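work-v3.tsv follows (TSV, C-alpha atoms):
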```tsv
chain	number	residue	atom	x	y	z
A	152	VAL	CA	-50.14	23.32	9.80
A	153	SER	CA	-52.24	20.69	11.57
A	154	ASP	CA	-54.72	23.52	12.10
A	155	VAL	CA	-55.66	23.25	8.45
A	156	LYS	CA	-56.91	19.73	9.01
A	157	LYS	CA	-58.70	20.63	12.21
A	158	SER	CA	-60.50	23.62	10.74
A	159	SER	CA	-62.37	21.49	8.19
A	160	ALA	CA	-63.85	18.15	9.21
A	161	PRO	CA	-66.08	15.73	7.27
A	162	GLY	CA	-69.69	16.87	7.48
A	163	ARG	CA	-68.71	20.48	8.11
A	164	PHE	CA	-67.23	21.53	4.79
A	165	LEU	CA	-67.94	25.01	3.48
A	166	ASN	CA	-68.34	23.84	-0.11
A	167	ARG	CA	-67.19	21.06	-2.43
A	168	PHE	CA	-63.78	22.65	-2.99
A	169	ASP	CA	-63.22	22.96	0.73
A	170	GLN	CA	-63.82	19.21	0.99
A	171	ALA	CA	-61.52	18.52	-1.96
A	172	GLY	CA	-58.82	20.67	-0.35
A	173	TRP	CA	-59.13	18.78	2.92
A	174	GLU	CA	-58.90	15.44	1.11
A	175	ALA	CA	-55.83	16.54	-0.88
A	176	LEU	CA	-54.18	17.80	2.28
A	177	ASN	CA	-54.71	14.52	4.08
A	178	ALA	CA	-53.38	12.65	1.05
A	179	GLY	CA	-50.16	14.66	1.30
A	180	ASP	CA	-50.89	16.72	-1.82
A	181	ASP	CA	-50.20	20.26	-0.62
A	182	ARG	CA	-50.34	21.79	-4.11
A	183	GLY	CA	-53.64	20.11	-4.80
A	184	ALA	CA	-54.92	21.37	-1.46
A	185	VAL	CA	-53.89	24.93	-2.35
A	186	GLU	CA	-55.65	24.77	-5.72
A	187	ASN	CA	-58.88	23.55	-4.17
A	188	TYR	CA	-58.79	25.98	-1.26
A	189	GLU	CA	-58.31	28.84	-3.72
A	190	LYS	CA	-61.46	27.69	-5.51
A	191	ALA	CA	-63.20	27.33	-2.15
A	192	LEU	CA	-62.27	30.92	-1.34
A	193	SER	CA	-63.82	32.15	-4.57
A	194	GLU	CA	-67.08	30.41	-3.64
A	195	ALA	CA	-67.15	31.50	0.00
A	196	ARG	CA	-70.50	33.07	0.90
A	197	ASN	CA	-69.52	35.39	3.74
A	198	ASP	CA	-66.56	36.82	5.63
A	199	ARG	CA	-66.51	33.97	8.14
A	200	GLU	CA	-66.06	31.42	5.34
A	201	ARG	CA	-63.54	33.64	3.56
A	202	ALA	CA	-61.51	33.99	6.76
A	203	ALA	CA	-61.47	30.24	7.46
A	204	THR	CA	-60.37	29.41	3.92
A	205	ALA	CA	-57.76	32.17	3.75
A	206	LYS	CA	-56.35	30.95	7.05
A	207	ASN	CA	-56.00	27.44	5.61
A	208	LEU	CA	-54.22	28.85	2.56
A	209	GLY	CA	-51.93	30.96	4.72
A	210	ASN	CA	-50.95	28.00	6.85
A	211	LEU	CA	-50.33	25.85	3.79
A	212	HIS	CA	-48.13	28.42	2.10
A	213	TYR	CA	-46.20	28.87	5.34
A	214	ARG	CA	-45.56	25.14	5.56
A	215	MET	CA	-44.43	25.16	1.94
A	216	GLY	CA	-41.92	27.91	2.67
A	217	GLU	CA	-43.80	30.59	0.76
A	218	LYS	CA	-43.77	33.29	3.41
A	219	ALA	CA	-45.04	36.19	1.28
A	220	LYS	CA	-48.11	34.24	0.17
A	221	ALA	CA	-48.65	33.03	3.72
A	222	GLU	CA	-48.68	36.60	5.01
A	223	ASP	CA	-51.02	37.74	2.25
A	224	TYR	CA	-53.65	35.12	3.07
A	225	LEU	CA	-53.30	35.43	6.83
A	226	GLU	CA	-53.68	39.21	6.57
A	227	LYS	CA	-56.86	38.71	4.55
A	228	ALA	CA	-58.12	36.24	7.15
A	229	ALA	CA	-57.43	38.81	9.87
A	230	ARG	CA	-59.43	41.48	8.03
A	231	TRP	CA	-62.35	39.14	7.45
A	232	ASN	CA	-62.33	37.83	11.02
A	233	PRO	CA	-60.47	40.09	13.48
A	234	LEU	CA	-61.76	37.95	16.36
A	235	ASP	CA	-59.61	34.94	15.38
A	236	ALA	CA	-56.82	35.45	17.91
A	237	ASP	CA	-54.95	32.34	16.79
A	238	ASN	CA	-54.59	33.80	13.30
A	239	GLN	CA	-53.35	37.10	14.70
A	240	TYR	CA	-50.69	35.28	16.73
A	241	ARG	CA	-49.44	33.65	13.52
A	242	LEU	CA	-49.13	37.03	11.85
A	243	PHE	CA	-47.32	38.38	14.89
A	244	ALA	CA	-44.82	35.52	14.61
A	245	LEU	CA	-44.33	36.19	10.91
A	246	TYR	CA	-43.68	39.88	11.63
A	247	GLN	CA	-40.88	39.33	14.14
A	248	ASP	CA	-38.40	41.04	11.81
A	249	ARG	CA	-40.82	43.96	11.40
A	250	PRO	CA	-41.74	45.03	14.93
A	251	GLY	CA	-43.76	48.04	13.76
A	252	GLU	CA	-46.14	45.79	11.85
A	253	ALA	CA	-46.14	43.26	14.69
A	254	VAL	CA	-47.32	45.95	17.11
A	255	LYS	CA	-50.11	47.03	14.76
A	256	ILE	CA	-51.38	43.43	14.58
A	257	LEU	CA	-51.40	43.13	18.36
A	258	GLU	CA	-53.02	46.53	18.88
A	259	SER	CA	-55.74	45.51	16.44
A	260	LEU	CA	-56.17	42.21	18.28
A	261	VAL	CA	-56.63	43.71	21.76
A	262	ARG	CA	-59.06	46.29	20.38
A	263	ALA	CA	-61.15	43.45	18.95
A	264	ILE	CA	-60.69	41.14	21.96
A	265	PRO	CA	-60.00	43.30	25.04
A	266	ASP	CA	-59.68	40.32	27.40
A	267	ASP	CA	-57.13	38.39	25.33
A	268	PHE	CA	-54.27	37.60	27.71
A	269	LEU	CA	-51.70	36.60	25.09
A	270	GLY	CA	-52.44	39.65	22.97
A	271	TRP	CA	-51.65	42.00	25.86
A	272	TYR	CA	-48.65	39.91	26.92
A	273	TYR	CA	-47.08	39.94	23.47
A	274	LEU	CA	-47.93	43.62	23.01
A	275	GLY	CA	-46.36	44.65	26.32
A	276	SER	CA	-43.25	42.59	25.66
A	277	THR	CA	-42.89	44.14	22.20
A	278	TYR	CA	-43.37	47.67	23.53
A	279	ALA	CA	-40.54	46.92	25.97
A	280	HIS	CA	-38.25	45.47	23.33
A	281	PRO	CA	-37.32	46.67	20.80
A	282	PHE	CA	-39.21	49.96	21.30
A	283	ASN	CA	-38.22	50.63	24.92
A	284	ASP	CA	-41.57	52.34	25.52
A	285	LEU	CA	-41.69	51.58	29.22
A	286	ASP	CA	-45.01	53.27	29.98
A	287	LYS	CA	-46.92	51.45	27.23
A	288	ALA	CA	-45.14	48.21	28.10
A	289	ALA	CA	-46.12	48.51	31.76
A	290	ASP	CA	-49.75	49.29	30.93
A	291	ALA	CA	-50.06	46.33	28.55
A	292	LEU	CA	-48.34	43.84	30.84
A	293	GLU	CA	-50.41	44.97	33.82
A	294	ARG	CA	-53.52	44.43	31.71
A	295	ALA	CA	-52.30	40.93	30.84
A	296	LEU	CA	-51.70	40.07	34.50
A	297	LYS	CA	-55.16	41.33	35.52
A	298	ILE	CA	-56.70	39.09	32.86
A	299	ALA	CA	-54.60	36.15	34.02
A	300	ALA	CA	-55.65	36.70	37.65
A	301	GLY	CA	-59.32	36.65	36.69
A	302	SER	CA	-59.17	33.79	34.23
A	303	ALA	CA	-59.34	30.91	36.74
A	304	GLY	CA	-56.17	29.35	35.41
A	305	GLN	CA	-57.08	29.73	31.75
A	306	ALA	CA	-54.00	31.85	30.94
A	307	PRO	CA	-50.94	29.71	30.04
A	308	GLU	CA	-48.87	29.48	33.21
A	309	GLU	CA	-45.50	29.93	31.52
A	310	GLU	CA	-46.64	33.07	29.71
A	311	ALA	CA	-48.23	34.39	32.92
A	312	ALA	CA	-44.90	33.95	34.69
A	313	LYS	CA	-43.05	35.68	31.86
A	314	ALA	CA	-45.56	38.53	31.87
A	315	ALA	CA	-44.88	39.14	35.56
A	316	TYR	CA	-41.13	38.88	35.01
A	317	ASN	CA	-41.19	41.21	32.00
A	318	LEU	CA	-43.23	43.73	33.97
A	319	GLY	CA	-40.63	43.51	36.72
A	320	VAL	CA	-37.89	44.21	34.18
A	321	VAL	CA	-39.86	47.22	32.91
A	322	HIS	CA	-40.31	48.64	36.41
A	323	ARG	CA	-36.61	48.11	37.13
A	324	ALA	CA	-35.65	49.95	33.96
A	325	ALA	CA	-38.07	52.75	34.92
A	326	HIS	CA	-36.36	53.05	38.34
A	327	ARG	CA	-39.21	51.55	40.33
A	328	PRO	CA	-37.25	48.91	42.30
A	329	GLU	CA	-39.95	48.16	44.88
A	330	GLU	CA	-42.48	47.19	42.22
A	331	ALA	CA	-39.83	45.25	40.34
A	332	LEU	CA	-38.84	43.30	43.47
A	333	ARG	CA	-42.47	42.47	44.23
A	334	LEU	CA	-42.97	41.06	40.76
A	335	PHE	CA	-39.75	39.04	40.74
A	336	ARG	CA	-40.76	37.51	44.07
A	337	THR	CA	-44.21	36.76	42.68
A	338	VAL	CA	-42.67	34.79	39.83
A	339	VAL	CA	-40.50	32.75	42.22
A	340	GLN	CA	-43.34	32.09	44.68
A	341	ASP	CA	-46.24	31.53	42.29
A	342	HIS	CA	-44.38	29.94	39.38
A	343	PRO	CA	-41.42	28.10	40.92
A	344	PHE	CA	-41.13	25.63	38.03
A	345	SER	CA	-41.26	28.25	35.28
A	346	VAL	CA	-38.20	28.52	33.04
A	347	ILE	CA	-38.06	32.21	33.98
A	348	ALA	CA	-38.08	31.59	37.77
A	349	PRO	CA	-34.26	31.36	38.10
A	350	ALA	CA	-33.83	34.69	36.31
A	351	ALA	CA	-36.47	36.23	38.58
A	352	ALA	CA	-34.64	34.92	41.65
A	353	VAL	CA	-31.35	36.42	40.44
A	354	SER	CA	-33.03	39.75	39.66
A	355	ALA	CA	-34.64	39.85	43.10
A	356	ALA	CA	-31.28	39.14	44.77
A	357	GLU	CA	-29.62	41.88	42.73
A	358	LEU	CA	-32.26	44.41	43.77
A	359	LEU	CA	-31.91	43.48	47.44
A	360	LEU	CA	-28.14	43.88	47.20
A	361	GLU	CA	-28.49	47.24	45.46
A	362	SER	CA	-30.90	48.37	48.18
A	363	ARG	CA	-28.45	47.47	50.95
A	364	GLU	CA	-25.56	49.16	49.19
A	365	SER	CA	-27.52	52.37	48.75
A	366	ARG	CA	-28.20	52.74	52.48
```
I'd like the structure from this file rewritten - as structure tokens, please.
Amino acid sequence: VSDVKKSSAPGRFLNRFDQAGWEALNAGDDRGAVENYEKALSEARNDRERAATAKNLGNLHYRMGEKAKAEDYLEKAARWNPLDADNQYRLFALYQDRPGEAVKILESLVRAIPDDFLGWYYLGSTYAHPFNDLDKAADALERALKIAAGSAGQAPEEEAAKAAYNLGVVHRAAHRPEEALRLFRTVVQDHPFSVIAPAAAVSAAELLLESRESR
């Protein structure tokens, strides 16, 4: 929940309650911080301020183990500011036991931010599992890889490697072994130190063996 501290800094407070919430938070008084941020939310002047304050409240309630309240505030923050990708990722993480809702959050995110690499990566991976929608998974993961290729290294390398690997798994499941092999080799060659590289190497070897046996 360090993001709560970072989102409000001295000299940039939204209102007096926002400042009081920040001070309580840094004094270790989470309950006091919640009370003040709730007052700050009631005095927010626009959706941007409402979203920032609701995000703080969501993060605080999550840290305090109050998941339902955390979701409520983070959902409000997402409605008030759909362009805050970081907030959408938090909701996605909270919805891991509800994949249908997780997908809706990610679909909303990529509509709002079409060039968001992580949004497409998470969406494609979720389409693949647990939904086993291979066509949608392939489309989303391909979109993620195109964004990563054009981002001049801005996409997280580990997630870029996993996106390529997951796309390879999808193509393999869809009986497209050539595409799968190309992607597994890409992971090994371009991301040799990724945690997923050994699995990609094994998958590539398996495909080569299957190809020889089928001749």
field: Straight-line distance linking CA of Ile264 (chain A) with CA of Ala299 (chain A), stated in Å to one decimal
entry: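 We find that CA of Ile264 (chain A) and CA of Ala299 (chain A) lie 14.4 Å from each other.
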Residues at most 12 Å from Gln340 (chain A), counting all atoms listed in the file, excluding those fewer than 5 positions away in the same chain, as a PDB file with C-alpha atoms, in the coordinates of the input?
```pdb
ATOM      1  CA  ALA A 312     -44.900  33.950  34.690  1.00  0.00           C
ATOM      2  CA  ALA A 315     -44.880  39.140  35.560  1.00  0.00           C
ATOM      3  CA  ARG A 333     -42.470  42.470  44.230  1.00  0.00           C
ATOM      4  CA  LEU A 334     -42.970  41.060  40.760  1.00  0.00           C
ATOM      5  CA  PHE A 335     -39.750  39.040  40.740  1.00  0.00           C
ATOM      6  CA  SER A 345     -41.260  28.250  35.280  1.00  0.00           C
ATOM      7  CA  ILE A 347     -38.060  32.210  33.980  1.00  0.00           C
ATOM      8  CA  ALA A 348     -38.080  31.590  37.770  1.00  0.00           C
ATOM      9  CA  PRO A 349     -34.260  31.360  38.100  1.00  0.00           C
ATOM     10  CA  ALA A 351     -36.470  36.230  38.580  1.00  0.00           C
ATOM     11  CA  ALA A 352     -34.640  34.920  41.650  1.00  0.00           C
ATOM     12  CA  ALA A 355     -34.640  39.850  43.100  1.00  0.00           C
TER      13      ALA A 355
END
```
field: Spatial neighbours of Met215 (chain A), 12 Å, only C-alpha atoms, chain gap at least 5 places, as a list in words
entry: Val152, Gly179, Asp180, Asp181, Arg182, Ala184, Val185, Leu208, Gly209, Asn210, Lys220 and Ala221 of chain A
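Reported to one decimal place, the separation of CA of Ser259 (chain A) from CA of Val321 (chain A) is 22.9 Å.
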From A:Leu360, A:Ala229, A:Ala288, A:Val353, residue lying nearest Val339 (chain A) [all atoms listed in the file]: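 Closest to Val339 (chain A) of all the choices is A:Val353.
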Atom-to-atom span, CA of Arg249 (chain A) and CA of Ala279 (chain A), Å: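 These two atoms are separated by 14.9 Å.
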Near-Ala306 (chain A) list (12 Å; only C-alpha atoms; drop same-chain fewer than 2 positions) as a PDB file with C-alpha atoms, in the coordinates of the input:
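Dumped to result-v5.pdb:
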```pdb
ATOM      1  CA  ASP A 266     -59.680  40.320  27.400  1.00  0.00           C
ATOM      2  CA  ASP A 267     -57.130  38.390  25.330  1.00  0.00           C
ATOM      3  CA  PHE A 268     -54.270  37.600  27.710  1.00  0.00           C
ATOM      4  CA  LEU A 269     -51.700  36.600  25.090  1.00  0.00           C
ATOM      5  CA  GLY A 270     -52.440  39.650  22.970  1.00  0.00           C
ATOM      6  CA  TRP A 271     -51.650  42.000  25.860  1.00  0.00           C
ATOM      7  CA  TYR A 272     -48.650  39.910  26.920  1.00  0.00           C
ATOM      8  CA  ALA A 295     -52.300  40.930  30.840  1.00  0.00           C
ATOM      9  CA  LEU A 296     -51.700  40.070  34.500  1.00  0.00           C
ATOM     10  CA  LYS A 297     -55.160  41.330  35.520  1.00  0.00           C
ATOM     11  CA  ILE A 298     -56.700  39.090  32.860  1.00  0.00           C
ATOM     12  CA  ALA A 299     -54.600  36.150  34.020  1.00  0.00           C
ATOM     13  CA  ALA A 300     -55.650  36.700  37.650  1.00  0.00           C
ATOM     14  CA  GLY A 301     -59.320  36.650  36.690  1.00  0.00           C
ATOM     15  CA  SER A 302     -59.170  33.790  34.230  1.00  0.00           C
ATOM     16  CA  ALA A 303     -59.340  30.910  36.740  1.00  0.00           C
ATOM     17  CA  GLY A 304     -56.170  29.350  35.410  1.00  0.00           C
ATOM     18  CA  GLU A 308     -48.870  29.480  33.210  1.00  0.00           C
ATOM     19  CA  GLU A 309     -45.500  29.930  31.520  1.00  0.00           C
ATOM     20  CA  GLU A 310     -46.640  33.070  29.710  1.00  0.00           C
ATOM     21  CA  ALA A 311     -48.230  34.390  32.920  1.00  0.00           C
ATOM     22  CA  ALA A 312     -44.900  33.950  34.690  1.00  0.00           C
ATOM     23  CA  LYS A 313     -43.050  35.680  31.860  1.00  0.00           C
ATOM     24  CA  ALA A 314     -45.560  38.530  31.870  1.00  0.00           C
TER      25      ALA A 314
END
```
